[in-house]
file input-v4.pdb (PDB, C-alpha atoms)
ATOM      1  CA  MET A 117     -29.183  59.784  17.758  1.00  0.00           C
ATOM      2  CA  LEU A 118     -31.079  57.939  15.197  1.00  0.00           C
ATOM      3  CA  LYS A 119     -34.364  56.567  16.168  1.00  0.00           C
ATOM      4  CA  ARG A 120     -35.376  53.201  15.005  1.00  0.00           C
ATOM      5  CA  ARG A 121     -38.756  52.915  13.635  1.00  0.00           C
ATOM      6  CA  HIS A 122     -40.667  49.845  14.367  1.00  0.00           C
ATOM      7  CA  GLN A 123     -41.480  48.135  11.183  1.00  0.00           C
ATOM      8  CA  LYS A 124     -43.633  45.172  10.746  1.00  0.00           C
ATOM      9  CA  LYS A 125     -41.820  42.351   9.153  1.00  0.00           C
ATOM     10  CA  LEU A 126     -43.768  41.098   6.299  1.00  0.00           C
ATOM     11  CA  THR A 127     -43.610  37.421   5.850  1.00  0.00           C
ATOM     12  CA  ARG A 128     -44.165  36.470   2.302  1.00  0.00           C
ATOM     13  CA  LYS A 129     -44.531  33.059   1.023  1.00  0.00           C
ATOM     14  CA  PRO A 130     -41.839  32.393  -1.502  1.00  0.00           C
ATOM     15  CA  GLU A 131     -43.143  32.567  -4.965  1.00  0.00           C
ATOM     16  CA  GLN A 132     -43.573  29.171  -6.368  1.00  0.00           C
ATOM     17  CA  ALA A 133     -42.425  28.857  -9.887  1.00  0.00           C
ATOM     18  CA  PRO A 134     -44.854  26.993 -12.013  1.00  0.00           C
ATOM     19  CA  GLU A 135     -43.504  23.555 -12.604  1.00  0.00           C
ATOM     20  CA  LEU A 136     -42.206  23.175 -16.047  1.00  0.00           C
ATOM     21  CA  ALA A 137     -43.384  20.168 -17.850  1.00  0.00           C
ATOM     22  CA  GLN A 138     -40.207  18.202 -18.255  1.00  0.00           C
ATOM     23  CA  GLU A 139     -40.066  15.191 -20.427  1.00  0.00           C
ATOM     24  CA  PRO A 140     -38.137  12.355 -18.886  1.00  0.00           C
ATOM     25  CA  GLU A 141     -34.841  11.770 -20.587  1.00  0.00           C
ATOM     26  CA  PRO A 142     -34.908   8.718 -22.776  1.00  0.00           C
ATOM     27  CA  GLU A 143     -33.139   5.844 -21.126  1.00  0.00           C
ATOM     28  CA  ARG A 144     -29.927   4.951 -22.777  1.00  0.00           C
ATOM     29  CA  GLU A 145     -29.718   1.290 -23.457  1.00  0.00           C
ATOM     30  CA  PRO A 146     -26.374  -0.158 -22.462  1.00  0.00           C
ATOM     31  CA  LYS A 147     -24.332  -1.794 -25.106  1.00  0.00           C
ATOM     32  CA  PRO A 148     -24.670  -5.576 -24.964  1.00  0.00           C
ATOM     33  CA  GLU A 149     -20.990  -6.122 -24.142  1.00  0.00           C
ATOM     34  CA  GLN A 150     -21.116  -3.569 -21.299  1.00  0.00           C
ATOM     35  CA  GLU A 151     -24.298  -5.038 -19.887  1.00  0.00           C
ATOM     36  CA  GLN A 152     -23.089  -8.604 -19.546  1.00  0.00           C
ATOM     37  CA  THR A 153     -19.325  -8.473 -19.192  1.00  0.00           C
ATOM     38  CA  MET A 154     -16.875  -6.871 -16.832  1.00  0.00           C
ATOM     39  CA  GLU A 155     -13.463  -5.474 -17.588  1.00  0.00           C
ATOM     40  CA  LEU A 156     -10.586  -7.934 -17.547  1.00  0.00           C
ATOM     41  CA  ALA A 157      -8.869  -6.206 -14.610  1.00  0.00           C
ATOM     42  CA  GLU A 158     -12.013  -6.564 -12.484  1.00  0.00           C
ATOM     43  CA  ILE A 159     -12.396 -10.231 -13.449  1.00  0.00           C
ATOM     44  CA  ILE A 160      -8.782 -10.919 -12.410  1.00  0.00           C
ATOM     45  CA  THR A 161      -9.224  -9.057  -9.120  1.00  0.00           C
ATOM     46  CA  ARG A 162     -12.357 -11.037  -8.316  1.00  0.00           C
ATOM     47  CA  ALA A 163     -10.733 -14.351  -9.261  1.00  0.00           C
ATOM     48  CA  LYS A 164      -7.795 -13.696  -6.916  1.00  0.00           C
ATOM     49  CA  ALA A 165     -10.076 -12.617  -4.071  1.00  0.00           C
ATOM     50  CA  GLN A 166     -12.364 -15.614  -4.400  1.00  0.00           C
ATOM     51  CA  LEU A 167      -9.498 -18.111  -4.707  1.00  0.00           C
ATOM     52  CA  THR A 168      -7.759 -16.771  -1.609  1.00  0.00           C
ATOM     53  CA  ALA A 169     -11.061 -16.860   0.285  1.00  0.00           C
ATOM     54  CA  LEU A 170     -11.254 -20.598  -0.390  1.00  0.00           C
ATOM     55  CA  ASN A 171      -7.513 -21.272  -0.043  1.00  0.00           C
ATOM     56  CA  PRO A 172      -5.729 -19.108   2.529  1.00  0.00           C
ATOM     57  CA  LEU A 173      -2.623 -18.897   0.357  1.00  0.00           C
ATOM     58  CA  LEU A 174      -0.657 -15.939  -0.968  1.00  0.00           C
ATOM     59  CA  VAL A 175      -1.073 -14.963  -4.613  1.00  0.00           C
ATOM     60  CA  SER A 176       2.200 -15.154  -6.503  1.00  0.00           C
ATOM     61  CA  GLY A 177       0.782 -13.911  -9.783  1.00  0.00           C
ATOM     62  CA  VAL A 178      -1.716 -14.249 -12.576  1.00  0.00           C
ATOM     63  CA  ILE A 179      -0.394 -16.184 -15.535  1.00  0.00           C
ATOM     64  CA  GLY A 180      -3.365 -16.036 -17.864  1.00  0.00           C
ATOM     65  CA  ALA A 181      -6.947 -14.960 -18.424  1.00  0.00           C
ATOM     66  CA  ALA A 182      -9.302 -15.587 -21.318  1.00  0.00           C
ATOM     67  CA  LYS A 183     -12.980 -15.353 -22.166  1.00  0.00           C
ATOM     68  CA  LYS A 184     -14.410 -18.677 -23.333  1.00  0.00           C
ATOM     69  CA  GLU A 185     -17.889 -20.061 -24.000  1.00  0.00           C
ATOM     70  CA  ASP A 186     -18.456 -21.131 -20.406  1.00  0.00           C
ATOM     71  CA  GLY A 187     -17.081 -17.941 -18.799  1.00  0.00           C
ATOM     72  CA  TRP A 188     -13.828 -16.279 -17.851  1.00  0.00           C
ATOM     73  CA  HIS A 189     -10.867 -18.633 -17.253  1.00  0.00           C
ATOM     74  CA  VAL A 190      -8.202 -17.118 -15.011  1.00  0.00           C
ATOM     75  CA  ALA A 191      -4.968 -18.959 -14.151  1.00  0.00           C
ATOM     76  CA  VAL A 192      -3.486 -17.853 -10.826  1.00  0.00           C
ATOM     77  CA  GLU A 193      -0.336 -19.029  -9.045  1.00  0.00           C
ATOM     78  CA  LEU A 194      -0.682 -19.427  -5.288  1.00  0.00           C
ATOM     79  CA  VAL A 195       2.252 -20.048  -2.937  1.00  0.00           C
ATOM     80  CA  GLU A 196       1.575 -23.467  -1.433  1.00  0.00           C
ATOM     81  CA  ARG A 197       4.846 -23.706   0.491  1.00  0.00           C
ATOM     82  CA  LYS A 198       7.518 -21.104   1.115  1.00  0.00           C
ATOM     83  CA  GLY A 199      11.048 -22.209   0.443  1.00  0.00           C
ATOM     84  CA  ILE A 200      14.502 -20.890   1.243  1.00  0.00           C
ATOM     85  CA  PRO A 201      15.630 -19.439  -1.065  1.00  0.00           C
ATOM     86  CA  ASP A 202      12.460 -18.130  -2.721  1.00  0.00           C
ATOM     87  CA  ALA A 203      13.314 -20.071  -5.865  1.00  0.00           C
ATOM     88  CA  GLN A 204      12.331 -23.201  -3.925  1.00  0.00           C
ATOM     89  CA  ASP A 205       8.763 -22.000  -3.270  1.00  0.00           C
ATOM     90  CA  LEU A 206       6.091 -24.452  -4.363  1.00  0.00           C
ATOM     91  CA  LEU A 207       3.482 -22.734  -6.504  1.00  0.00           C
ATOM     92  CA  GLY A 208       0.079 -24.183  -7.245  1.00  0.00           C
ATOM     93  CA  VAL A 209      -1.378 -23.147 -10.583  1.00  0.00           C
ATOM     94  CA  TYR A 210      -5.141 -22.783 -10.174  1.00  0.00           C
ATOM     95  CA  GLU A 211      -7.674 -22.169 -12.901  1.00  0.00           C
ATOM     96  CA  ALA A 212     -10.805 -20.329 -11.813  1.00  0.00           C
ATOM     97  CA  VAL A 213     -13.886 -20.063 -14.024  1.00  0.00           C
ATOM     98  CA  LEU A 214     -16.020 -16.969 -13.464  1.00  0.00           C
ATOM     99  CA  ASP A 215     -19.352 -16.066 -14.988  1.00  0.00           C
ATOM    100  CA  ASP A 216     -19.974 -12.717 -16.690  1.00  0.00           C
ATOM    101  CA  GLY A 217     -20.949 -11.192 -13.342  1.00  0.00           C
ATOM    102  CA  GLY A 218     -17.564 -12.058 -11.823  1.00  0.00           C
ATOM    103  CA  ASN A 219     -18.812 -14.902  -9.629  1.00  0.00           C
ATOM    104  CA  MET A 220     -16.621 -17.983  -9.458  1.00  0.00           C
ATOM    105  CA  VAL A 221     -18.481 -21.048 -10.645  1.00  0.00           C
ATOM    106  CA  SER A 222     -15.575 -23.502 -10.433  1.00  0.00           C
ATOM    107  CA  TYR A 223     -11.867 -23.789  -9.782  1.00  0.00           C
ATOM    108  CA  GLN A 224      -9.248 -26.492 -10.035  1.00  0.00           C
ATOM    109  CA  ARG A 225      -5.568 -26.877  -9.235  1.00  0.00           C
ATOM    110  CA  LYS A 226      -3.933 -27.701 -12.531  1.00  0.00           C
ATOM    111  CA  LYS A 227      -0.371 -28.349 -11.360  1.00  0.00           C
ATOM    112  CA  VAL A 228       2.303 -27.644  -8.763  1.00  0.00           C
ATOM    113  CA  ARG A 229       5.719 -26.345  -9.683  1.00  0.00           C
ATOM    114  CA  ARG A 230       8.806 -24.843  -8.110  1.00  0.00           C
ATOM    115  CA  ARG A 231       9.242 -21.124  -8.662  1.00  0.00           C
ATOM    116  CA  SER A 232      12.661 -21.781 -10.215  1.00  0.00           C
ATOM    117  CA  ASP A 233      11.110 -24.002 -12.923  1.00  0.00           C
ATOM    118  CA  THR A 234      10.297 -22.156 -16.067  1.00  0.00           C
ATOM    119  CA  LEU A 235       6.739 -22.518 -17.330  1.00  0.00           C
ATOM    120  CA  GLU A 236       7.901 -24.487 -20.372  1.00  0.00           C
ATOM    121  CA  GLU A 237       9.731 -27.005 -18.147  1.00  0.00           C
ATOM    122  CA  ALA A 238       6.755 -27.319 -15.816  1.00  0.00           C
ATOM    123  CA  GLU A 239       4.332 -28.003 -18.680  1.00  0.00           C
ATOM    124  CA  SER A 240       6.334 -30.871 -20.175  1.00  0.00           C
TER     125      SER A 240
END
call {"tool": "encode", "arguments": {"input": "input-v4.pdb", "output": "structure tokens"}}
result
Amino acid sequence: MLKRRHQKKLTRKPEQAPELAQEPEPEREPKPEQEQTMELAEIITRAKAQLTALNPLLVSGVIGAAKKEDGWHVAVELVERKGIPDAQDLLGVYEAVLDDGGNMVSYQRKKVRRRSDTLEEAES
């Protein structure tokens, strides 16, 4: 049989590596367009969410979005009344204006049209 020898366990403090003097990385300045504007897809998503929070209507679709002097203008169609058949649905065309942070600053219903009407017919 093997005999175990009693050994004292030495407890050593872990060696502490001297801290290396690290220079902080220079901060990268964001590009001006990245700093102040969001991507178009995010603007559209926010416009739809904020419009449906104010108007509990279903989104039919987005028909336009553009960046202008006063912010992002997003045109969204909301189903105001379901019809049978679907071509008889009444769609409200809403224009939402969002700032560069994606917050809606104003909205307005521009017109109401039947789904079966083409956009050219509805505009005239």
call {"tool": "closest_residue", "arguments": {"input": "input-v4.pdb", "among": "A:Leu170, A:Arg225, A:Asn219, A:Leu206", "to": "Ala191 in chain A", "atoms": "all atoms listed in the file"}}
result
A:Arg225
call {"tool": "atom_distance", "arguments": {"input": "input-v4.pdb", "atom1": "CA of Leu156 in chain A", "atom2": "CA of Leu174 in chain A"}}
result
20.9 Å
call {"tool": "residues_near_point", "arguments": {"input": "input-v4.pdb", "point": "(-4.9, -22.4, -12.5)", "cutoff": "6 Å", "atoms": "only C-alpha atoms", "output": "MDAnalysis selection string"}}
result
chainID A and resid 191:192 209:211 225:226
call {"tool": "atom_distance", "arguments": {"input": "input-v4.pdb", "atom1": "CA of Gly217 in chain A", "atom2": "CA of Glu196 in chain A"}}
result
28.3 Å
call {"tool": "closest_residue", "arguments": {"input": "input-v4.pdb", "among": "A:His189, A:Arg231, A:Lys164, A:Arg197", "to": "Asp216 in chain A", "atoms": "all atoms listed in the file"}}
result
A:His189
call {"tool": "resolve_selection", "arguments": {"input": "input-v4.pdb", "expression": "the PyMOL selection byres ((chain A and resi 163) around 8)", "output": "number ranges by chain"}}
result
A: 159-162, 164-167, 190, 212, 214, 218, 220
call {"tool": "write_last_selection", "arguments": {"input": "input-v4.pdb", "atoms": "C-alpha atoms", "output": "JSON list (two decimals), in the frame of the given file"}}
result
[["chain", "number", "residue", "atom", "x", "y", "z"],
["A", 159, "ILE", "CA", -12.40, -10.23, -13.45],
["A", 160, "ILE", "CA", -8.78, -10.92, -12.41],
["A", 161, "THR", "CA", -9.22, -9.06, -9.12],
["A", 162, "ARG", "CA", -12.36, -11.04, -8.32],
["A", 164, "LYS", "CA", -7.80, -13.70, -6.92],
["A", 165, "ALA", "CA", -10.08, -12.62, -4.07],
["A", 166, "GLN", "CA", -12.36, -15.61, -4.40],
["A", 167, "LEU", "CA", -9.50, -18.11, -4.71],
["A", 190, "VAL", "CA", -8.20, -17.12, -15.01],
["A", 212, "ALA", "CA", -10.80, -20.33, -11.81],
["A", 214, "LEU", "CA", -16.02, -16.97, -13.46],
["A", 218, "GLY", "CA", -17.56, -12.06, -11.82],
["A", 220, "MET", "CA", -16.62, -17.98, -9.46]]
call {"tool": "atom_distance", "arguments": {"input": "input-v4.pdb", "atom1": "CA of Ala169 in chain A", "atom2": "CA of Tyr223 in chain A"}}
result
12.2 Å
call {"tool": "resolve_selection", "arguments": {"input": "input-v4.pdb", "expression": "the PyMOL selection byres ((chain A and resi 187) around 8)", "output": "JSON, numbers by chain"}}
result
{"A": [183, 184, 185, 186, 188, 189, 213, 214, 215, 216]}
call {"tool": "residues_around", "arguments": {"input": "input-v4.pdb", "residues": "Glu193 in chain A", "least_positions_apart": "2", "cutoff": "6 Å", "atoms": "only C-alpha atoms", "output": "list in words"}}
result
Ser176, Gly177, Leu207, Gly208 and Val209 of chain A
